[in-house]
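Participant: Sharing entry-v6.cif (mmCIF, C-alpha atoms) below.
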```cif
data_protein
#
loop_
_atom_site.label_atom_id
_atom_site.label_comp_id
_atom_site.auth_asym_id
_atom_site.auth_seq_id
_atom_site.Cartn_x
_atom_site.Cartn_y
_atom_site.Cartn_z
CA MET H 1043 4.87 53.26 -18.97
CA LEU H 1044 6.44 56.59 -19.88
CA LEU H 1045 9.89 55.28 -20.79
CA LYS H 1046 9.07 51.93 -22.34
CA ASP H 1047 12.10 50.14 -23.86
CA GLN H 1048 14.38 53.15 -23.45
CA ILE H 1049 17.98 52.78 -22.36
CA ALA H 1050 19.16 55.02 -19.54
CA LEU H 1051 22.40 55.75 -17.71
CA VAL H 1052 22.41 57.36 -14.26
CA THR H 1053 25.60 58.39 -12.48
CA GLY H 1054 25.71 58.21 -8.71
CA GLY H 1055 22.86 55.74 -8.91
CA SER H 1056 23.35 53.57 -5.85
CA ARG H 1057 22.12 56.06 -3.25
CA GLY H 1058 20.09 59.21 -2.69
CA ILE H 1059 18.49 61.02 -5.59
CA GLY H 1060 20.23 58.76 -8.12
CA ARG H 1061 18.80 55.64 -6.54
CA ALA H 1062 15.28 57.06 -6.70
CA ILE H 1063 15.81 57.95 -10.36
CA VAL H 1064 17.05 54.46 -11.23
CA LYS H 1065 14.01 52.91 -9.58
CA ALA H 1066 11.58 55.36 -11.18
CA PHE H 1067 13.07 54.85 -14.66
CA ALA H 1068 12.90 51.07 -14.29
CA GLN H 1069 9.32 51.33 -13.13
CA GLU H 1070 8.48 53.27 -16.28
CA GLY H 1071 9.89 50.52 -18.48
CA ALA H 1072 13.45 51.67 -19.10
CA LYS H 1073 16.55 49.51 -18.85
CA VAL H 1074 18.82 51.40 -16.48
CA GLY H 1075 22.58 51.26 -16.13
CA PHE H 1076 24.00 53.15 -13.18
CA VAL H 1077 27.48 54.13 -12.08
CA PHE H 1078 28.46 53.80 -8.44
CA ARG H 1079 31.79 54.63 -6.88
CA GLY H 1080 32.31 52.44 -3.85
CA ASN H 1081 29.17 51.25 -2.15
CA GLN H 1082 28.94 47.73 -3.61
CA GLU H 1083 26.28 46.72 -1.10
CA ALA H 1084 23.99 49.58 -2.07
CA ALA H 1085 24.57 48.87 -5.75
CA ASP H 1086 23.78 45.18 -5.39
CA SER H 1087 20.66 45.84 -3.34
CA LEU H 1088 19.43 48.30 -5.95
CA VAL H 1089 19.88 45.83 -8.81
CA LYS H 1090 18.03 43.24 -6.72
CA GLU H 1091 15.21 45.64 -5.84
CA VAL H 1092 14.71 46.63 -9.46
CA SER H 1093 14.68 43.08 -10.77
CA GLU H 1094 12.33 41.92 -8.03
CA ALA H 1095 9.95 44.64 -9.19
CA GLY H 1096 10.18 43.30 -12.75
CA GLY H 1097 12.70 45.77 -14.15
CA THR H 1098 16.25 45.67 -15.48
CA ALA H 1099 19.25 47.42 -13.95
CA LEU H 1100 22.99 47.15 -14.44
CA ALA H 1101 25.58 48.33 -11.91
CA ILE H 1102 28.84 49.77 -13.28
CA GLN H 1103 31.59 50.52 -10.81
CA GLY H 1104 33.63 53.68 -11.34
CA ASP H 1105 34.44 57.17 -10.12
CA VAL H 1106 33.00 59.81 -12.45
CA ALA H 1107 36.07 61.93 -11.68
CA ASP H 1108 38.26 59.35 -13.44
CA PRO H 1109 38.71 60.10 -17.14
CA GLY H 1110 37.98 56.55 -18.30
CA THR H 1111 34.74 55.97 -16.43
CA ALA H 1112 32.38 57.63 -18.89
CA GLN H 1113 33.38 55.54 -21.89
CA LYS H 1114 33.51 52.41 -19.74
CA ALA H 1115 29.93 53.00 -18.61
CA ILE H 1116 28.61 53.71 -22.10
CA ASP H 1117 30.40 50.68 -23.51
CA ALA H 1118 28.91 48.45 -20.81
CA ILE H 1119 25.43 49.66 -21.66
CA THR H 1120 25.73 49.52 -25.44
CA GLN H 1121 27.16 46.02 -25.23
CA ALA H 1122 24.47 44.79 -22.86
CA TRP H 1123 21.45 46.35 -24.55
CA GLY H 1124 21.96 46.68 -28.29
CA GLY H 1125 23.86 49.90 -28.87
CA ARG H 1126 21.49 52.71 -27.89
CA LEU H 1127 21.61 55.30 -25.16
CA ASP H 1128 18.40 57.30 -24.89
CA ILE H 1129 18.73 59.00 -21.53
CA LEU H 1130 21.74 60.25 -19.56
CA VAL H 1131 21.33 61.59 -16.02
CA ASN H 1132 24.40 63.29 -14.56
CA ASN H 1133 23.58 62.97 -10.90
CA ALA H 1134 26.84 61.99 -9.18
CA GLY H 1135 27.88 64.83 -6.91
CA VAL H 1136 29.92 65.47 -3.79
CA ILE H 1137 30.39 68.26 -1.27
CA ARG H 1138 33.55 69.33 0.52
CA ASP H 1139 32.23 72.23 2.55
CA ALA H 1140 34.73 74.67 4.03
CA LEU H 1141 34.87 78.39 4.55
CA PHE H 1142 36.68 79.81 1.55
CA VAL H 1143 39.64 81.08 3.54
CA ARG H 1144 40.15 77.54 4.78
CA MET H 1145 39.36 75.73 1.55
CA SER H 1146 42.19 73.57 0.25
CA GLU H 1147 43.16 73.01 -3.37
CA GLU H 1148 41.98 69.42 -2.88
CA ASP H 1149 38.55 70.47 -1.55
CA TRP H 1150 38.15 72.62 -4.65
CA ARG H 1151 39.49 70.08 -7.15
CA THR H 1152 37.49 67.12 -5.83
CA VAL H 1153 34.16 68.91 -6.06
CA LEU H 1154 34.84 70.43 -9.48
CA SER H 1155 36.17 67.13 -10.88
CA THR H 1156 33.20 65.08 -9.78
CA ASN H 1157 30.36 67.56 -10.18
CA LEU H 1158 31.44 69.37 -13.33
CA ASP H 1159 34.18 67.48 -15.16
CA GLY H 1160 32.34 64.21 -14.61
CA ALA H 1161 29.22 65.63 -16.25
CA PHE H 1162 31.33 67.00 -19.10
CA ARG H 1163 32.86 63.61 -19.84
CA PHE H 1164 29.60 61.71 -19.66
CA CYS H 1165 27.91 64.25 -21.94
CA LYS H 1166 30.78 63.89 -24.41
CA ALA H 1167 30.61 60.12 -24.42
CA ALA H 1168 26.83 60.19 -24.89
CA ALA H 1169 26.75 62.98 -27.46
CA ASP H 1170 28.28 60.92 -30.24
CA LEU H 1171 25.51 58.35 -30.01
CA MET H 1172 22.67 60.75 -29.38
CA VAL H 1173 23.61 63.54 -31.78
CA PHE H 1174 25.13 61.71 -34.73
CA LYS H 1175 23.82 58.17 -34.69
CA GLN H 1176 20.39 58.41 -33.11
CA ARG H 1177 19.38 62.04 -33.64
CA SER H 1178 17.47 61.68 -30.39
CA GLY H 1179 18.26 61.72 -26.71
CA ARG H 1180 17.74 63.25 -23.30
CA ILE H 1181 20.43 64.64 -21.04
CA ILE H 1182 19.40 65.66 -17.53
CA ASN H 1183 21.90 67.24 -15.14
CA ILE H 1184 21.14 67.23 -11.44
CA SER H 1185 22.25 70.63 -10.22
CA SER H 1186 21.23 72.48 -7.03
CA ILE H 1187 19.56 75.68 -5.86
CA ALA H 1188 22.88 76.28 -4.12
CA ALA H 1189 24.26 77.63 -7.41
CA ASP H 1190 22.11 80.74 -7.09
CA HIS H 1191 20.79 80.66 -3.51
CA VAL H 1192 24.13 80.15 -1.93
CA ASN H 1193 25.17 78.83 1.45
CA LYS H 1194 28.31 79.74 3.35
CA GLY H 1195 31.04 77.14 3.05
CA GLN H 1196 30.08 76.08 -0.46
CA THR H 1197 32.10 78.17 -2.86
CA ASN H 1198 33.31 74.98 -4.56
CA TYR H 1199 29.87 73.35 -4.67
CA ALA H 1200 28.12 76.52 -5.82
CA ALA H 1201 30.73 77.08 -8.51
CA SER H 1202 30.40 73.52 -9.78
CA LYS H 1203 26.61 73.71 -9.98
CA GLY H 1204 26.56 77.19 -11.49
CA ALA H 1205 28.94 75.99 -14.16
CA LEU H 1206 26.79 72.90 -14.69
CA ASN H 1207 23.78 75.15 -15.33
CA ALA H 1208 25.71 77.14 -17.93
CA LEU H 1209 26.95 73.96 -19.60
CA THR H 1210 23.35 72.75 -19.74
CA ARG H 1211 22.19 75.87 -21.57
CA CYS H 1212 25.03 75.94 -24.04
CA LEU H 1213 24.97 72.23 -24.88
CA ALA H 1214 21.19 72.41 -25.29
CA LEU H 1215 21.62 75.10 -27.93
CA GLU H 1216 24.19 73.09 -29.87
CA VAL H 1217 22.24 69.86 -30.13
CA ALA H 1218 18.65 71.07 -30.19
CA GLY H 1219 18.44 70.70 -33.97
CA ARG H 1220 19.22 67.01 -33.63
CA GLY H 1221 16.44 65.85 -31.36
CA VAL H 1222 18.46 65.96 -28.15
CA THR H 1223 17.23 68.00 -25.20
CA VAL H 1224 19.47 69.01 -22.31
CA ASN H 1225 18.00 70.24 -19.04
CA ALA H 1226 19.00 70.60 -15.40
CA ILE H 1227 17.04 70.06 -12.21
CA ALA H 1228 17.92 72.17 -9.19
CA PRO H 1229 16.82 70.36 -6.03
CA GLY H 1230 16.42 72.18 -2.76
CA PHE H 1231 16.83 70.42 0.56
CA ILE H 1232 16.47 66.69 -0.02
CA GLU H 1233 16.67 63.89 2.56
CA THR H 1234 19.82 62.08 1.44
CA ASP H 1235 23.25 61.20 2.86
CA MET H 1236 24.62 64.43 1.42
CA SER H 1237 22.37 66.60 3.59
CA GLU H 1238 22.48 64.36 6.67
CA ALA H 1239 25.09 66.32 8.62
CA VAL H 1240 23.30 69.63 8.12
CA ARG H 1241 19.92 68.10 8.93
CA ASN H 1242 21.21 66.63 12.17
CA LYS H 1243 22.70 69.97 13.16
CA ALA H 1244 19.87 72.27 12.11
CA GLY H 1245 16.89 70.01 12.74
CA ASP H 1246 13.51 71.66 12.57
CA LEU H 1247 14.97 75.04 11.68
CA ILE H 1248 15.26 73.94 8.06
CA LYS H 1249 11.63 72.85 7.86
CA LYS H 1250 10.56 76.28 9.09
CA MET H 1251 12.36 77.86 6.17
CA ILE H 1252 10.67 75.71 3.57
CA PRO H 1253 7.26 77.05 2.52
CA VAL H 1254 5.70 73.63 1.88
CA ARG H 1255 6.84 72.67 5.39
CA ARG H 1256 8.67 69.48 4.63
CA LEU H 1257 12.04 68.34 3.43
CA GLY H 1258 12.24 67.02 -0.10
CA LYS H 1259 12.35 63.32 -0.85
CA PRO H 1260 14.52 61.80 -3.58
CA GLU H 1261 11.28 60.75 -5.27
CA ASP H 1262 10.30 64.42 -5.65
CA ILE H 1263 13.29 64.82 -7.95
CA ALA H 1264 12.80 61.47 -9.65
CA HIS H 1265 9.26 62.35 -10.76
CA LEU H 1266 10.45 65.40 -12.72
CA THR H 1267 13.42 63.47 -14.11
CA VAL H 1268 11.05 60.85 -15.52
CA PHE H 1269 8.95 63.53 -17.18
CA LEU H 1270 11.95 65.34 -18.71
CA ALA H 1271 13.25 62.02 -20.01
CA SER H 1272 9.93 61.17 -21.64
CA PRO H 1273 8.78 61.92 -25.20
CA ALA H 1274 6.23 64.37 -23.78
CA ALA H 1275 9.02 66.79 -22.80
CA SER H 1276 10.52 67.20 -26.27
CA TYR H 1277 9.83 70.95 -26.40
CA ILE H 1278 11.68 71.68 -23.15
CA THR H 1279 15.40 72.30 -23.46
CA GLY H 1280 18.17 74.40 -21.93
CA GLN H 1281 16.21 74.91 -18.72
CA VAL H 1282 17.13 74.70 -15.05
CA LEU H 1283 14.00 73.58 -13.20
CA THR H 1284 13.86 74.14 -9.48
CA VAL H 1285 12.28 71.54 -7.18
CA ASP H 1286 12.59 72.92 -3.66
CA GLY H 1287 9.21 73.25 -1.97
CA GLY H 1288 9.49 77.00 -2.36
CA LEU H 1289 12.77 77.36 -0.44
CA SER H 1290 14.30 79.71 -2.98
CA LEU H 1291 11.32 82.05 -2.95
CA GLY H 1292 12.39 83.69 0.29
CA VAL H 1293 12.15 83.17 4.01
CA PRO H 1294 8.57 82.62 5.18
CA ASP H 1295 7.73 84.59 8.31
CA VAL H 1296 8.72 82.51 11.25
CA GLY H 1297 6.57 84.48 13.72
CA MET O 45 37.62 54.85 -59.88
CA LEU O 46 34.29 56.55 -59.38
CA THR O 47 32.77 58.66 -62.14
CA GLN O 48 31.73 62.24 -61.55
CA GLU O 49 28.10 61.14 -61.57
CA GLU O 50 28.72 58.40 -59.02
CA ILE O 51 30.51 60.82 -56.74
CA TYR O 52 27.65 63.31 -56.98
CA LYS O 53 25.14 60.58 -56.15
CA LYS O 54 27.08 59.48 -53.07
CA VAL O 55 27.53 63.09 -51.90
CA SER O 56 23.82 63.63 -52.40
CA ASN O 57 22.92 60.57 -50.33
CA THR O 58 25.30 61.67 -47.58
CA LEU O 59 23.66 65.08 -47.39
CA VAL O 60 20.16 63.61 -47.37
CA THR O 61 21.08 61.52 -44.32
CA ALA O 62 23.15 64.13 -42.52
CA LEU O 63 20.71 66.99 -43.01
CA ASN O 64 17.50 64.98 -42.93
CA VAL O 65 16.22 66.54 -46.17
CA ASP O 66 14.40 65.09 -49.17
CA GLU O 67 16.38 63.83 -52.15
CA ASP O 68 14.78 66.36 -54.50
CA GLU O 69 16.05 69.23 -52.36
CA ILE O 70 19.60 68.32 -53.33
CA GLN O 71 20.57 70.36 -56.41
CA PRO O 72 24.15 71.15 -57.44
CA GLY O 73 23.63 74.80 -56.57
CA ALA O 74 21.81 74.18 -53.28
CA ARG O 75 23.53 76.04 -50.44
CA LEU O 76 24.10 74.02 -47.28
CA GLN O 77 23.07 76.72 -44.85
CA ASN O 78 20.45 78.81 -46.59
CA ASP O 79 18.79 76.15 -48.71
CA LEU O 80 19.33 72.93 -46.77
CA GLY O 81 19.20 74.32 -43.23
CA ALA O 82 22.64 73.12 -42.12
CA GLU O 83 24.08 74.43 -38.88
CA SER O 84 27.49 74.05 -37.24
CA ILE O 85 26.93 70.56 -35.92
CA ASP O 86 25.69 69.40 -39.32
CA PHE O 87 28.95 70.48 -40.95
CA LEU O 88 30.79 68.19 -38.55
CA ASP O 89 28.48 65.32 -39.33
CA ILE O 90 28.94 65.86 -43.09
CA VAL O 91 32.72 65.69 -42.75
CA PHE O 92 32.56 62.45 -40.74
CA ARG O 93 30.19 60.82 -43.20
CA LEU O 94 32.16 61.88 -46.28
CA GLU O 95 35.31 60.41 -44.74
CA ARG O 96 33.55 57.11 -44.21
CA GLU O 97 31.68 57.08 -47.50
CA PHE O 98 34.72 57.79 -49.67
CA ASN O 99 37.44 56.41 -47.42
CA ILE O 100 39.28 59.73 -47.40
CA LYS O 101 40.77 61.82 -44.62
CA ILE O 102 39.48 65.37 -44.31
CA PRO O 103 41.80 67.41 -42.06
CA ARG O 104 40.03 69.88 -39.84
CA GLY O 105 39.19 73.06 -41.74
CA GLU O 106 40.11 71.72 -45.17
CA LEU O 107 36.60 71.31 -46.57
CA PHE O 108 34.88 73.95 -44.44
CA PRO O 109 37.58 76.45 -43.52
CA GLU O 110 37.03 77.86 -40.06
CA SER O 111 37.53 81.55 -39.30
CA ILE O 112 39.31 82.25 -42.58
CA PHE O 113 39.98 85.87 -41.86
CA GLN O 114 40.17 85.94 -38.06
CA GLY O 115 38.99 89.54 -38.03
CA ASP O 116 42.11 90.65 -39.90
CA PRO O 117 41.43 94.17 -41.21
CA ASP O 118 43.67 93.48 -44.20
CA MET O 119 41.28 90.75 -45.30
CA VAL O 120 37.90 92.30 -44.60
CA GLN O 121 37.00 95.97 -44.85
CA ASP O 122 33.53 97.47 -44.46
CA GLY O 123 32.01 94.02 -44.70
CA LYS O 124 33.74 93.26 -48.00
CA VAL O 125 36.57 90.82 -48.54
CA THR O 126 39.69 92.63 -49.80
CA ALA O 127 41.99 91.46 -52.60
CA LYS O 128 44.30 90.00 -49.98
CA GLY O 129 41.34 88.22 -48.40
CA LEU O 130 40.26 86.84 -51.77
CA ALA O 131 43.76 85.47 -52.32
CA GLU O 132 43.58 83.77 -48.94
CA LEU O 133 40.16 82.34 -49.82
CA ARG O 134 41.46 81.03 -53.15
CA SER O 135 44.38 79.28 -51.50
CA ARG O 136 42.21 77.72 -48.78
CA MET O 137 39.51 76.54 -51.15
CA PRO O 138 41.25 75.71 -54.45
CA TYR O 139 38.37 73.48 -55.47
CA ALA O 140 35.84 76.34 -55.27
CA ASP O 141 34.57 78.51 -58.12
CA LEU O 142 34.84 81.99 -56.63
CA SER O 143 34.03 84.01 -59.75
CA LYS O 144 30.50 84.91 -58.71
CA PHE O 145 31.57 85.70 -55.16
CA GLU O 146 34.42 87.90 -56.34
CA SER O 147 32.03 90.19 -58.23
CA ASN O 148 30.41 91.15 -54.90
CA PRO O 149 32.57 89.80 -52.08
CA GLN O 150 30.32 90.42 -49.08
CA VAL O 151 31.80 88.61 -46.10
CA THR O 152 28.31 87.65 -44.97
CA ALA O 153 27.83 85.76 -48.26
CA ILE O 154 30.73 83.36 -47.68
CA GLY O 155 28.29 80.74 -46.43
CA ASP O 156 26.69 80.72 -49.89
CA LEU O 157 29.89 79.23 -51.28
CA PHE O 158 29.19 75.94 -49.54
CA THR O 159 27.00 74.19 -52.06
CA VAL O 160 26.42 70.58 -53.02
CA GLU O 161 28.54 71.21 -56.09
CA LEU O 162 31.44 72.51 -54.00
CA ILE O 163 31.48 69.37 -51.90
CA THR O 164 31.36 67.20 -55.01
CA LYS O 165 34.32 69.08 -56.55
CA TYR O 166 36.24 68.74 -53.29
CA VAL O 167 35.70 64.99 -53.15
CA GLU O 168 36.63 64.59 -56.82
CA GLY O 169 39.88 66.39 -56.06
CA LYS O 170 40.64 64.20 -53.05
CA LEU O 171 39.96 60.96 -54.93
CA SER O 172 42.05 61.88 -57.93
CA LYS O 173 45.16 62.30 -55.78
#
```
Once you've parsed the file, please lay out its structure as structure tokens.
Facilitator:
Amino acid sequence: MLLKDQIALVTGGSRGIGRAIVKAFAQEGAKVGFVFRGNQEAADSLVKEVSEAGGTALAIQGDVADPGTAQKAIDAITQAWGGRLDILVNNAGVIRDALFVRMSEEDWRTVLSTNLDGAFRFCKAAADLMVFKQRSGRIINISSIAADHVNKGQTNYAASKGALNALTRCLALEVAGRGVTVNAIAPGFIETDMSEAVRNKAGDLIKKMIPVRRLGKPEDIAHLTVFLASPAASYITGQVLTVDGGLSLGVPDVG
Amino acid sequence: MLTQEEIYKKVSNTLVTALNVDEDEIQPGARLQNDLGAESIDFLDIVFRLEREFNIKIPRGELFPESIFQGDPDMVQDGKVTAKGLAELRSRMPYADLSKFESNPQVTAIGDLFTVELITKYVEGKLSK
């Protein structure tokens, strides 16, 4: 068990990549708290799944865009499990795709608030514990290749993820001396609710563009997240690691 | 009321914990940055711990003044702190012994002022009020 007895917090944990991370962490022996915004059914089923497999999970309702959610989540975890927080995964993310000339203030704000400000607040709430009390910790931010390999209609999403990458590097530098590593994972095209609309529209065309010839699964991201969270990864910090089946390398010849 | 020795001992213990160094590395003249390896985040931690240890309030920038000179050319010229700059330094850090620094006031050597002894003097001053 790579994460035995560690305490983890995952935002956006009830579905998609977050759900896979919660399950993987629990499987590796961690106690996992996760934040979910609205899907109570998904949250409950995840807690059930984890406990049936012999693990421990705790669902915490809240929107990461709300200022109070971060402290509420950390308090819930420290109260339930003895005061530590070893691993934080900032995974909660949303899209509000629109061509820039049509993009509303709200489209912009919502994506930045959830994807960037949310991560900021959770990092802040965790930093106190990790940096000053524990002198150890792991922060993993789930970013996207879309920050650098951009798609039309995603100025807000790309901006939020690009900023998240920069935050990752800078925070890593500040806390490295205190046993806390901060890294980001940039997934490519993963089979989740977030990519469903595009997948339905584009179908096989996407697969043709991906060198390894398949879409990513949430588990593909979870595996790397487990490793980065583990003691074995203590010399890796300030990095953005891409997991995309080669998508960002370039377009394979379709002929 | 704590004696000077007791204050020094408590300051020493605080630094051992905050900087993760051995007790015997703590000497009165030991410099936080160059001798004890302190970096920006450690300075913050030291302030928090001193506040708790001695039940005092340390306003931001009072113990470790931030950006004293703000690039003001009246205060620093050719890498040396001017007379005006030295006056500013004296007023910001009244608990510090600046005599050695004043003999060769290289702005890059300001970090050397922050020693174990400086912190002890600062705390003594705060407690006597």
Participant: Kindly resolve the PyMOL selection byres ((chain O) within 10 of (chain H)) on the present coordinates and return the residues as a list of chain:residue names.
Facilitator: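 Against this file, the PyMOL selection byres ((chain O) within 10 of (chain H)) returns the residues O:Ala62, O:Leu63, O:Asn64, O:Gly81, O:Ala82, O:Glu83, O:Ser84, O:Ile85, O:Asp86, O:Leu88, O:Asp89, O:Phe92, O:Arg93.
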Participant: Given the file above and the PyMOL selection byres ((chain O and resi 72) around 12), which residues are selected, and can you give them as a VMD selection string?
Facilitator: chain O and resid 49 52 to 53 55 to 56 59 67 to 71 73 to 76 79 to 80 157 to 165
Participant: Quick check on the file I pasted: which residues fall under the PyMOL selection byres ((chain H and resi 1279) around 6)? Write them as a VMD selection string.
Facilitator: chain H and resid 1223 to 1225 1278 1280 to 1281
Participant: Calculate how many Å separate CA of Asn1193 in chain H from CA of Val1136 in chain H, rounding to one decimal.
Facilitator: 15.1 Å
Participant: For Phe108 in chain O, which residue among O:Ile90, O:Leu46, O:Ala153, O:Val125 is the nearest when counting only C-alpha atoms?
Facilitator: O:Ile90
Participant: For CA of Glu1094 in chain H and CA of Lys1065 in chain H, quote the distance in Å rounded to one decimal.
Facilitator: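 Between CA of Glu1094 in chain H and CA of Lys1065 in chain H the gap is 11.2 Å.
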Participant: What is the distance between CA of Ile1137 in chain H and CA of Ile1181 in chain H, in Å to one decimal?
Facilitator: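 Result for CA of Ile1137 in chain H versus CA of Ile1181 in chain H: 22.4 Å, one decimal.
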Participant: Which of these residues is nearest to Thr1098 in chain H, using all atoms listed in the file: H:Thr1053, H:Gln1048, H:Arg1126, H:Lys1243?
Facilitator: H:Gln1048
